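> Coordinates in work_34.cif, mmCIF, C-alpha atoms, are listed below.
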data_data
#
loop_
_atom_site.group_PDB
_atom_site.id
_atom_site.type_symbol
_atom_site.label_atom_id
_atom_site.label_comp_id
_atom_site.auth_asym_id
_atom_site.auth_seq_id
_atom_site.Cartn_x
_atom_site.Cartn_y
_atom_site.Cartn_z
ATOM 1 C CA MET A 27 73.348 94.365 107.574
ATOM 2 C CA THR A 28 75.493 95.913 104.826
ATOM 3 C CA SER A 29 78.032 98.534 105.924
ATOM 4 C CA ILE A 30 77.607 101.886 104.195
ATOM 5 C CA ILE A 31 80.668 102.565 102.039
ATOM 6 C CA HIS A 32 82.030 106.101 102.074
ATOM 7 C CA TRP A 33 85.228 107.416 100.491
ATOM 8 C CA ILE A 34 87.578 110.105 101.782
ATOM 9 C CA LEU A 35 89.583 111.721 98.978
ATOM 10 C CA GLN A 36 92.669 113.864 99.448
ATOM 11 C CA THR A 37 92.403 116.856 97.109
ATOM 12 C CA ASN A 38 95.966 118.209 97.359
ATOM 13 C CA LEU A 39 98.843 116.288 95.750
ATOM 14 C CA ILE A 40 96.379 114.248 93.640
ATOM 15 C CA LYS A 41 96.089 114.959 89.898
ATOM 16 C CA PRO A 42 92.841 116.879 89.210
ATOM 17 C CA ASP A 43 91.802 114.581 86.344
ATOM 18 C CA VAL A 44 92.278 111.484 88.526
ATOM 19 C CA LEU A 45 90.277 113.082 91.314
ATOM 20 C CA GLN A 46 87.497 113.980 88.891
ATOM 21 C CA ARG A 47 87.254 110.446 87.501
ATOM 22 C CA ILE A 48 87.063 108.990 91.013
ATOM 23 C CA ARG A 49 84.291 111.469 91.837
ATOM 24 C CA MET A 50 82.384 110.512 88.673
ATOM 25 C CA SER A 51 82.624 106.811 89.456
ATOM 26 C CA LEU A 52 81.420 107.286 93.026
ATOM 27 C CA ASP A 53 78.548 109.481 91.865
ATOM 28 C CA LEU A 54 77.463 106.879 89.293
ATOM 29 C CA ASP A 55 77.609 104.131 91.922
ATOM 30 C CA GLY A 56 75.709 106.223 94.472
ATOM 31 C CA ILE A 57 78.653 106.152 96.903
ATOM 32 C CA GLY A 58 79.204 109.186 99.104
ATOM 33 C CA TYR A 59 82.555 110.853 99.638
ATOM 34 C CA ASP A 60 84.262 113.709 101.460
ATOM 35 C CA GLU A 61 87.276 115.712 100.332
ATOM 36 C CA VAL A 62 90.165 116.683 102.604
ATOM 37 C CA LYS A 63 93.541 118.380 102.413
ATOM 38 C CA ILE A 64 96.576 116.836 104.104
ATOM 39 C CA ILE A 65 99.701 118.570 105.364
ATOM 40 C CA PRO A 66 102.748 116.510 104.270
ATOM 41 C CA PHE A 67 104.337 114.547 107.158
ATOM 42 C CA ALA A 68 101.572 115.631 109.580
ATOM 43 C CA ASP A 69 100.587 113.050 112.215
ATOM 44 C CA ALA A 70 96.934 114.018 112.575
ATOM 45 C CA LEU A 71 94.032 112.404 110.735
ATOM 46 C CA PRO A 72 91.587 114.624 108.861
ATOM 47 C CA PRO A 73 88.088 114.931 110.338
ATOM 48 C CA VAL A 74 85.992 111.833 109.579
ATOM 49 C CA ARG A 75 82.382 112.914 109.188
ATOM 50 C CA TYR A 76 80.879 109.433 109.333
ATOM 51 C CA PRO A 77 83.004 107.300 111.675
ATOM 52 C CA ASP A 78 80.413 104.484 111.724
ATOM 53 C CA ARG A 79 80.606 103.944 107.950
ATOM 54 C CA PHE A 80 83.195 101.880 106.076
ATOM 55 C CA ASN A 81 85.506 104.707 105.042
ATOM 56 C CA VAL A 82 87.829 104.066 102.092
ATOM 57 C CA PHE A 83 90.755 106.495 101.975
ATOM 58 C CA TYR A 84 92.647 107.594 98.853
ATOM 59 C CA GLY A 85 95.557 110.018 98.949
ATOM 60 C CA SER A 86 99.212 110.508 99.852
ATOM 61 C CA THR A 87 101.552 108.326 101.885
ATOM 62 C CA THR A 88 101.072 110.650 104.874
ATOM 63 C CA LEU A 89 97.310 110.078 104.879
ATOM 64 C CA ILE A 90 97.574 106.334 104.317
ATOM 65 C CA MET A 91 100.177 105.722 107.031
ATOM 66 C CA ASN A 92 98.215 107.781 109.575
ATOM 67 C CA VAL A 93 94.981 105.912 108.838
ATOM 68 C CA ALA A 94 96.733 102.522 108.922
ATOM 69 C CA ARG A 95 97.861 103.251 112.491
ATOM 70 C CA ASP A 96 94.320 104.109 113.649
ATOM 71 C CA LYS A 97 92.335 101.006 114.633
ATOM 72 C CA ARG A 98 89.026 102.797 114.030
ATOM 73 C CA PHE A 99 89.655 103.301 110.316
ATOM 74 C CA ALA A 100 92.555 101.002 109.380
ATOM 75 C CA ALA A 101 90.269 98.590 107.487
ATOM 76 C CA GLY A 102 89.678 101.351 104.925
ATOM 77 C CA VAL A 103 93.357 101.231 103.985
ATOM 78 C CA PHE A 104 94.120 97.955 102.229
ATOM 79 C CA TYR A 105 97.552 97.526 103.755
ATOM 80 C CA ASP A 106 99.526 95.383 106.195
ATOM 81 C CA PRO A 107 103.249 96.119 106.696
ATOM 82 C CA GLN A 108 103.873 92.418 107.323
ATOM 83 C CA SER A 109 102.587 91.657 103.814
ATOM 84 C CA PHE A 110 103.638 94.677 101.772
ATOM 85 C CA ASN A 111 107.403 94.278 101.761
ATOM 86 C CA ILE A 112 109.946 92.818 99.370
ATOM 87 C CA ALA A 113 111.154 90.128 101.783
ATOM 88 C CA ASN A 114 107.619 88.735 101.942
ATOM 89 C CA TYR A 115 107.219 88.802 98.155
ATOM 90 C CA LEU A 116 110.506 86.957 97.736
ATOM 91 C CA ARG A 117 109.353 84.247 100.161
ATOM 92 C CA HIS A 118 106.111 83.668 98.259
ATOM 93 C CA TRP A 119 106.996 84.436 94.635
ATOM 94 C CA GLY A 120 110.702 83.564 94.484
ATOM 95 C CA GLU A 121 111.951 83.641 90.901
ATOM 96 C CA ARG A 122 108.774 85.347 89.722
ATOM 97 C CA MET A 123 110.302 88.473 91.260
ATOM 98 C CA LEU A 124 112.434 90.709 89.031
ATOM 99 C CA ASN A 125 115.107 91.047 91.710
ATOM 100 C CA HIS A 126 114.986 87.490 93.002
ATOM 101 C CA ASP A 127 118.751 87.784 93.617
ATOM 102 C CA SER A 128 118.107 90.407 96.319
ATOM 103 C CA GLN A 129 119.601 90.537 99.784
ATOM 104 C CA ILE A 130 117.842 92.229 102.695
ATOM 105 C CA THR A 131 120.232 94.368 104.718
ATOM 106 C CA THR A 132 120.824 97.943 105.974
ATOM 107 C CA PHE A 133 122.954 100.760 104.593
ATOM 108 C CA PRO A 134 125.618 100.483 107.348
ATOM 109 C CA ALA A 135 125.791 96.677 107.064
ATOM 110 C CA PHE A 136 126.092 96.676 103.285
ATOM 111 C CA ALA A 137 128.663 99.500 103.355
ATOM 112 C CA THR A 138 131.069 97.251 105.282
ATOM 113 C CA ARG A 139 131.080 94.592 102.544
ATOM 114 C CA LEU A 140 134.072 94.121 100.250
ATOM 115 C CA HIS A 141 133.066 95.454 96.828
ATOM 116 C CA ASP A 142 134.790 97.508 94.166
ATOM 117 C CA GLU A 143 134.001 101.169 94.857
ATOM 118 C CA ASP A 144 132.811 101.631 91.263
ATOM 119 C CA SER A 145 130.525 98.584 91.298
ATOM 120 C CA GLU A 146 126.850 99.440 90.811
ATOM 121 C CA TRP A 147 123.902 98.170 92.830
ATOM 122 C CA PHE A 148 120.143 98.647 92.756
ATOM 123 C CA LEU A 149 118.712 99.690 96.120
ATOM 124 C CA ARG A 150 115.184 100.231 97.394
ATOM 125 C CA PRO A 151 113.403 100.106 100.784
ATOM 126 C CA ASN A 152 112.164 96.719 101.927
ATOM 127 C CA GLU A 153 108.887 98.215 103.121
ATOM 128 C CA ASP A 154 106.309 100.140 101.109
ATOM 129 C CA ASN A 155 106.946 103.363 103.030
ATOM 130 C CA LYS A 156 108.618 105.562 100.384
ATOM 131 C CA ALA A 157 111.705 105.992 102.588
ATOM 132 C CA PHE A 158 113.586 106.630 99.348
ATOM 133 C CA SER A 159 113.095 105.920 95.660
ATOM 134 C CA GLY A 160 114.585 102.803 94.153
ATOM 135 C CA THR A 161 117.851 103.725 92.464
ATOM 136 C CA VAL A 162 121.150 102.434 91.107
ATOM 137 C CA MET A 163 124.179 103.618 93.091
ATOM 138 C CA ARG A 164 127.934 103.109 93.033
ATOM 139 C CA PHE A 165 129.298 101.316 96.068
ATOM 140 C CA SER A 166 131.379 104.352 97.069
ATOM 141 C CA ASP A 167 128.209 106.501 97.115
ATOM 142 C CA ILE A 168 126.429 103.871 99.210
ATOM 143 C CA GLN A 169 129.265 104.051 101.745
ATOM 144 C CA LYS A 170 129.011 107.846 101.837
ATOM 145 C CA LEU A 171 125.238 107.738 102.348
ATOM 146 C CA ALA A 172 125.594 105.150 105.117
ATOM 147 C CA ALA A 173 128.002 107.460 106.945
ATOM 148 C CA GLU A 174 125.564 110.394 106.717
ATOM 149 C CA LEU A 175 122.398 108.631 107.922
ATOM 150 C CA GLY A 176 122.826 110.021 111.422
ATOM 151 C CA ILE A 177 122.156 113.550 110.172
ATOM 152 C CA SER A 178 119.387 112.612 107.728
ATOM 153 C CA ASN A 179 116.125 114.590 107.932
ATOM 154 C CA ASN A 180 114.173 111.678 106.447
ATOM 155 C CA PRO A 181 111.946 110.259 109.242
ATOM 156 C CA HIS A 182 111.636 106.933 107.374
ATOM 157 C CA LEU A 183 115.357 106.401 106.730
ATOM 158 C CA GLY A 184 117.917 105.574 109.383
ATOM 159 C CA PRO A 185 120.737 103.127 110.210
ATOM 160 C CA ASP A 186 118.231 100.351 111.006
ATOM 161 C CA THR A 187 116.048 100.802 107.925
ATOM 162 C CA GLN A 188 115.876 97.551 105.984
ATOM 163 C CA ILE A 189 116.901 97.918 102.355
ATOM 164 C CA VAL A 190 116.902 95.539 99.409
ATOM 165 C CA VAL A 191 120.094 95.301 97.360
ATOM 166 C CA SER A 192 120.381 93.503 94.016
ATOM 167 C CA SER A 193 122.158 93.637 90.702
ATOM 168 C CA PRO A 194 120.868 96.315 88.282
ATOM 169 C CA LYS A 195 118.495 95.034 85.596
ATOM 170 C CA SER A 196 117.872 96.202 82.034
ATOM 171 C CA ILE A 197 114.082 96.464 81.787
ATOM 172 C CA ALA A 198 112.349 96.651 78.415
ATOM 173 C CA ARG A 199 108.824 97.564 79.572
ATOM 174 C CA GLU A 200 106.964 98.137 82.837
ATOM 175 C CA TRP A 201 103.250 97.895 83.707
ATOM 176 C CA ARG A 202 100.937 98.634 86.627
ATOM 177 C CA HIS A 203 97.954 96.388 87.422
ATOM 178 C CA PHE A 204 95.032 97.115 89.757
ATOM 179 C CA ILE A 205 93.868 93.814 91.235
ATOM 180 C CA VAL A 206 90.703 92.906 93.140
ATOM 181 C CA ASN A 207 90.118 89.432 94.533
ATOM 182 C CA GLY A 208 92.892 87.920 92.415
ATOM 183 C CA LYS A 209 91.630 89.383 89.116
ATOM 184 C CA VAL A 210 93.251 92.135 87.069
ATOM 185 C CA ILE A 211 90.753 94.986 86.750
ATOM 186 C CA SER A 212 92.831 97.455 84.740
ATOM 187 C CA SER A 213 96.420 97.627 83.478
ATOM 188 C CA SER A 214 98.641 100.229 81.862
ATOM 189 C CA ARG A 215 102.206 100.335 80.622
ATOM 190 C CA TYR A 216 104.083 103.193 82.264
ATOM 191 C CA ALA A 217 107.690 102.828 81.083
ATOM 192 C CA ARG A 218 109.759 101.548 78.178
ATOM 193 C CA ASN A 219 113.550 101.170 78.289
ATOM 194 C CA GLY A 220 113.670 103.046 81.583
ATOM 195 C CA GLU A 221 111.778 106.111 80.342
ATOM 196 C CA LEU A 222 108.219 107.168 81.155
ATOM 197 C CA ASP A 223 106.089 105.905 78.268
ATOM 198 C CA ILE A 224 102.408 105.421 79.030
ATOM 199 C CA SER A 225 100.085 103.169 77.059
ATOM 200 C CA GLY A 226 96.705 101.723 77.930
ATOM 201 C CA TRP A 227 96.641 99.341 74.959
ATOM 202 C CA ASP A 228 100.107 97.735 75.187
ATOM 203 C CA VAL A 229 99.046 95.085 77.723
ATOM 204 C CA PRO A 230 99.829 91.587 76.345
ATOM 205 C CA GLU A 231 97.480 88.707 77.167
ATOM 206 C CA ASP A 232 100.364 86.502 78.309
ATOM 207 C CA LEU A 233 101.358 89.231 80.773
ATOM 208 C CA LEU A 234 97.848 89.224 82.252
ATOM 209 C CA ARG A 235 97.996 85.441 82.539
ATOM 210 C CA PHE A 236 101.327 85.754 84.365
ATOM 211 C CA VAL A 237 99.839 88.278 86.812
ATOM 212 C CA GLU A 238 96.738 86.225 87.592
ATOM 213 C CA GLU A 239 98.758 83.013 87.895
ATOM 214 C CA SER A 240 100.989 84.855 90.377
ATOM 215 C CA CYS A 241 97.857 85.863 92.304
ATOM 216 C CA GLU A 242 96.907 82.187 92.537
ATOM 217 C CA VAL A 243 100.250 81.616 94.267
ATOM 218 C CA TYR A 244 99.905 84.548 96.669
ATOM 219 C CA THR A 245 98.322 87.985 97.168
ATOM 220 C CA PRO A 246 99.291 90.466 99.916
ATOM 221 C CA HIS A 247 95.674 91.704 100.066
ATOM 222 C CA ASP A 248 92.421 91.148 98.212
ATOM 223 C CA ILE A 249 92.728 94.737 96.905
ATOM 224 C CA PHE A 250 96.209 95.795 95.802
ATOM 225 C CA VAL A 251 98.421 97.007 92.957
ATOM 226 C CA MET A 252 101.195 95.052 91.248
ATOM 227 C CA ASP A 253 103.969 96.470 89.062
ATOM 228 C CA THR A 254 105.527 94.111 86.526
ATOM 229 C CA ALA A 255 108.361 94.180 84.015
ATOM 230 C CA LEU A 256 109.583 92.530 80.832
ATOM 231 C CA CYS A 257 113.277 91.769 81.373
ATOM 232 C CA ASN A 258 115.460 89.502 79.263
ATOM 233 C CA GLY A 259 112.409 88.096 77.525
ATOM 234 C CA ARG A 260 110.481 87.134 80.672
ATOM 235 C CA TYR A 261 107.780 88.752 82.762
ATOM 236 C CA ALA A 262 108.558 89.436 86.411
ATOM 237 C CA ILE A 263 107.042 91.139 89.447
ATOM 238 C CA ILE A 264 108.746 94.385 90.445
ATOM 239 C CA GLU A 265 106.745 95.146 93.586
ATOM 240 C CA CYS A 266 103.260 95.534 95.019
ATOM 241 C CA ASN A 267 101.640 98.687 96.332
ATOM 242 C CA CYS A 268 98.809 99.629 98.635
ATOM 243 C CA PHE A 269 95.909 100.744 96.429
ATOM 244 C CA ASN A 270 94.996 103.690 98.651
ATOM 245 C CA GLY A 271 98.147 105.659 97.850
ATOM 246 C CA THR A 272 98.987 104.424 94.343
ATOM 247 C CA GLY A 273 98.811 106.613 91.243
ATOM 248 C CA PHE A 274 97.055 105.794 87.987
ATOM 249 C CA TYR A 275 98.368 105.952 84.418
ATOM 250 C CA GLU A 276 96.104 105.062 81.449
ATOM 251 C CA HIS A 277 93.891 102.940 83.674
ATOM 252 C CA ASP A 278 90.129 102.675 83.652
ATOM 253 C CA ILE A 279 89.706 104.429 86.999
ATOM 254 C CA MET A 280 85.946 104.118 87.012
ATOM 255 C CA LEU A 281 86.194 100.349 86.471
ATOM 256 C CA VAL A 282 88.721 100.033 89.320
ATOM 257 C CA VAL A 283 86.624 102.069 91.769
ATOM 258 C CA ARG A 284 83.477 100.135 90.873
ATOM 259 C CA ALA A 285 85.245 96.774 91.307
ATOM 260 C CA ILE A 286 86.487 97.816 94.750
ATOM 261 C CA ASN A 287 83.039 98.969 95.855
ATOM 262 C CA GLU A 288 81.374 95.781 94.596
ATOM 263 C CA HIS A 289 83.954 93.647 96.377
ATOM 264 C CA LEU A 290 83.519 95.580 99.628
ATOM 265 C CA LYS A 291 79.731 95.338 99.425
ATOM 266 C CA LYS A 292 79.926 91.550 99.136
ATOM 267 C CA LYS A 293 82.584 91.253 101.817
ATOM 268 C CA HIS A 294 80.756 93.403 104.364
ATOM 269 C CA SER A 295 77.147 92.390 103.635
#
Would you mind writing the file's structure down as structure tokens?

Amino acid sequence: MTSIIHWILQTNLIKPDVLQRIRMSLDLDGIGYDEVKIIPFADALPPVRYPDRFNVFYGSTTLIMNVARDKRFAAGVFYDPQSFNIANYLRHWGERMLNHDSQITTFPAFATRLHDEDSEWFLRPNEDNKAFSGTVMRFSDIQKLAAELGISNNPHLGPDTQIVVSSPKSIAREWRHFIVNGKVISSSRYARNGELDISGWDVPEDLLRFVEESCEVYTPHDIFVMDTALCNGRYAIIECNCFNGTGFYEHDIMLVVRAINEHLKKKHS
């Protein structure tokens, strides 16, 4: 018996045009959905009207993390913390990763290293939990931040939080790809020379080949999002993201939603 697919869409913090295109796609596919509002950093799940259906959730990090912790609905969030982290990507993809020179550490541990105080480093969380945004920092500022972690109000960032540290990179272009079952469904450029610069047509064929060849090596989930870069003349993987909380650029949202629903129908028939 096929599970009935139902979506739960967060209406606050999601761009209205994105929300509308998701609604249109679901309506065209005959898939039902409910709309909810989420209080940032709240621990409670929104009401789930049809708990016996296969509920797919789309919204903020707060919603996605809360659902992922609930065994009743976790399957509707395409995420596993053991898979969605930089250390895991490095193990599987190696030099395909942009920051393949990374080291996994913590702020306090790295702050004790011997480096010039003006040296610059790129830092980001190991996990896909938005503990902080990836950024380039001077070593002296890293030491200062490490000393202040004890009074941080960030629930995701503390002395034991794993971080990824690497050399800064000069990136020419960056893209986001929505992937289902190892195939790229829709791609969009979102940055050029470090600045936001969105294009739905600047998606080279050799880039798509690189992405799908990488998926033949490994995928963290059968539904996920991959960000890639052009750096020093080569394509590389920046990171992967859980679909359920990832934003769109000039993507074909209707095509992505339809591909996900078709995949889920086959998987749960």
> Can you list, as a ChimeraX atom specification, the residues that the PyMOL selection byres ((chain A and resi 225-238) around 7) selects here?
/A:208-210,213-216,223-224,239-242,261,276-277
> Give me the residues near Ser212 in chain A as a list of chain:residue names, where near means some atom within 9 Å (using all atoms listed in the file) and where sequence neighbours in that chain fewer than 5 positions away do not count.
A:Arg202, A:His203, A:Phe204, A:Ile205, A:Gly226, A:Glu276, A:His277, A:Asp278, A:Ile279, A:Leu281, A:Val282
> Based on the selection just made, write C-alpha atoms of those residues as a PDB file, keeping the file's coordinate frame.

ATOM      1  CA  ARG A 202     100.937  98.634  86.627  1.00  0.00           C
ATOM      2  CA  HIS A 203      97.954  96.388  87.422  1.00  0.00           C
ATOM      3  CA  PHE A 204      95.032  97.115  89.757  1.00  0.00           C
ATOM      4  CA  ILE A 205      93.868  93.814  91.235  1.00  0.00           C
ATOM      5  CA  GLY A 226      96.705 101.723  77.930  1.00  0.00           C
ATOM      6  CA  GLU A 276      96.104 105.062  81.449  1.00  0.00           C
ATOM      7  CA  HIS A 277      93.891 102.940  83.674  1.00  0.00           C
ATOM      8  CA  ASP A 278      90.129 102.675  83.652  1.00  0.00           C
ATOM      9  CA  ILE A 279      89.706 104.429  86.999  1.00  0.00           C
ATOM     10  CA  LEU A 281      86.194 100.349  86.471  1.00  0.00           C
ATOM     11  CA  VAL A 282      88.721 100.033  89.320  1.00  0.00           C
TER      12      VAL A 282
END
> Let me make sure I understand: among A:Met280, A:Val162, A:Ala255, A:Ile211, which one has the smallest atom-to-atom distance to Arg49 in chain A if we use only C-alpha atoms?
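The answer is A:Met280, which sits nearest to Arg49 in chain A.
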> Pull out every residue that the PyMOL selection byres ((chain A and resi 266) around 6) matches in the shown coordinates and put them as number ranges by chain.
A: 251-252, 265, 267
> Create the file for the chosen residues now, containing C-alpha atoms and written as a tab-separated table (two decimals), in the coordinates of the input.

chain	number	residue	atom	x	y	z
A	251	VAL	CA	98.42	97.01	92.96
A	252	MET	CA	101.20	95.05	91.25
A	265	GLU	CA	106.74	95.15	93.59
A	267	ASN	CA	101.64	98.69	96.33
> Taking into account all atoms listed in the file, which residue in the set A:Asn287, A:Ser193, A:Thr88, A:Ser29 is nearest to Asn207 in chain A?
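Looking only at the distances to Asn207 in chain A, the closest residue turns out to be A:Asn287.
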> Could you name the residues that touch Glu221 in chain A at 10 Å or less, counting all atoms listed in the file, but leaving out those on the same chain fewer than 4 positions away, as an MDAnalysis selection string?
chainID A and resid 198:200 216:217
> Taking the file as shown, find all residues satisfying the PyMOL selection byres ((chain A and resi 108) around 12) and write them as a list in words.
Tyr105, Asp106, Pro107, Ser109, Phe110, Asn111, Ile112, Ala113, Asn114, Tyr115, Asn152, Glu153, Asp154, Pro246 and His247 of chain A
> Hey, which of A:Leu256, A:His32, A:Asn155, A:Trp119 ends up closest to Asn92 in chain A? Count all atoms listed in the file.
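Looking at the shortest contact to Asn92 in chain A, the residue is A:Asn155.
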> Identify which of the residues A:Ala70, A:Val190, A:Phe104, A:Lys63 lies closest to His126 in chain A, counting only C-alpha atoms when measuring atom-to-atom distances.
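For His126 in chain A, the nearest of the candidates is A:Val190.
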> Between CA of Asn270 in chain A and CA of Ile249 in chain A, measure the distance and give it in Å to one decimal.
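Straight-line distance from CA of Asn270 in chain A to CA of Ile249 in chain A works out to 9.4 Å.
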> For Ile57 in chain A, which residue out of A:Leu183, A:Ile286, A:Leu124, A:Ile90 is the nearest one, using all atoms listed in the file?
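Using all atoms listed in the file, Ile57 in chain A sits closest to A:Ile286.
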> Hey, which of A:Glu121, A:Asp167, A:Asp127, A:Asp186 ends up closest to Glu143 in chain A? Count all atoms listed in the file.
A:Asp167
> Extending 4 Å beyond the listed atoms of range 64-80 of chain A on each side, what axis-aligned box results? I want centre and edge lengths in Å to one decimal, as JSON.

{"center_x": 92.4, "center_y": 110.2, "center_z": 108.3, "size_x": 31.9, "size_y": 24.7, "size_z": 16.5}
> Take CA of Asp253 in chain A and CA of Met123 in chain A and report the distance between them in Å, one decimal.
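Computed distance, CA of Asp253 in chain A to CA of Met123 in chain A, equals 10.4 Å.
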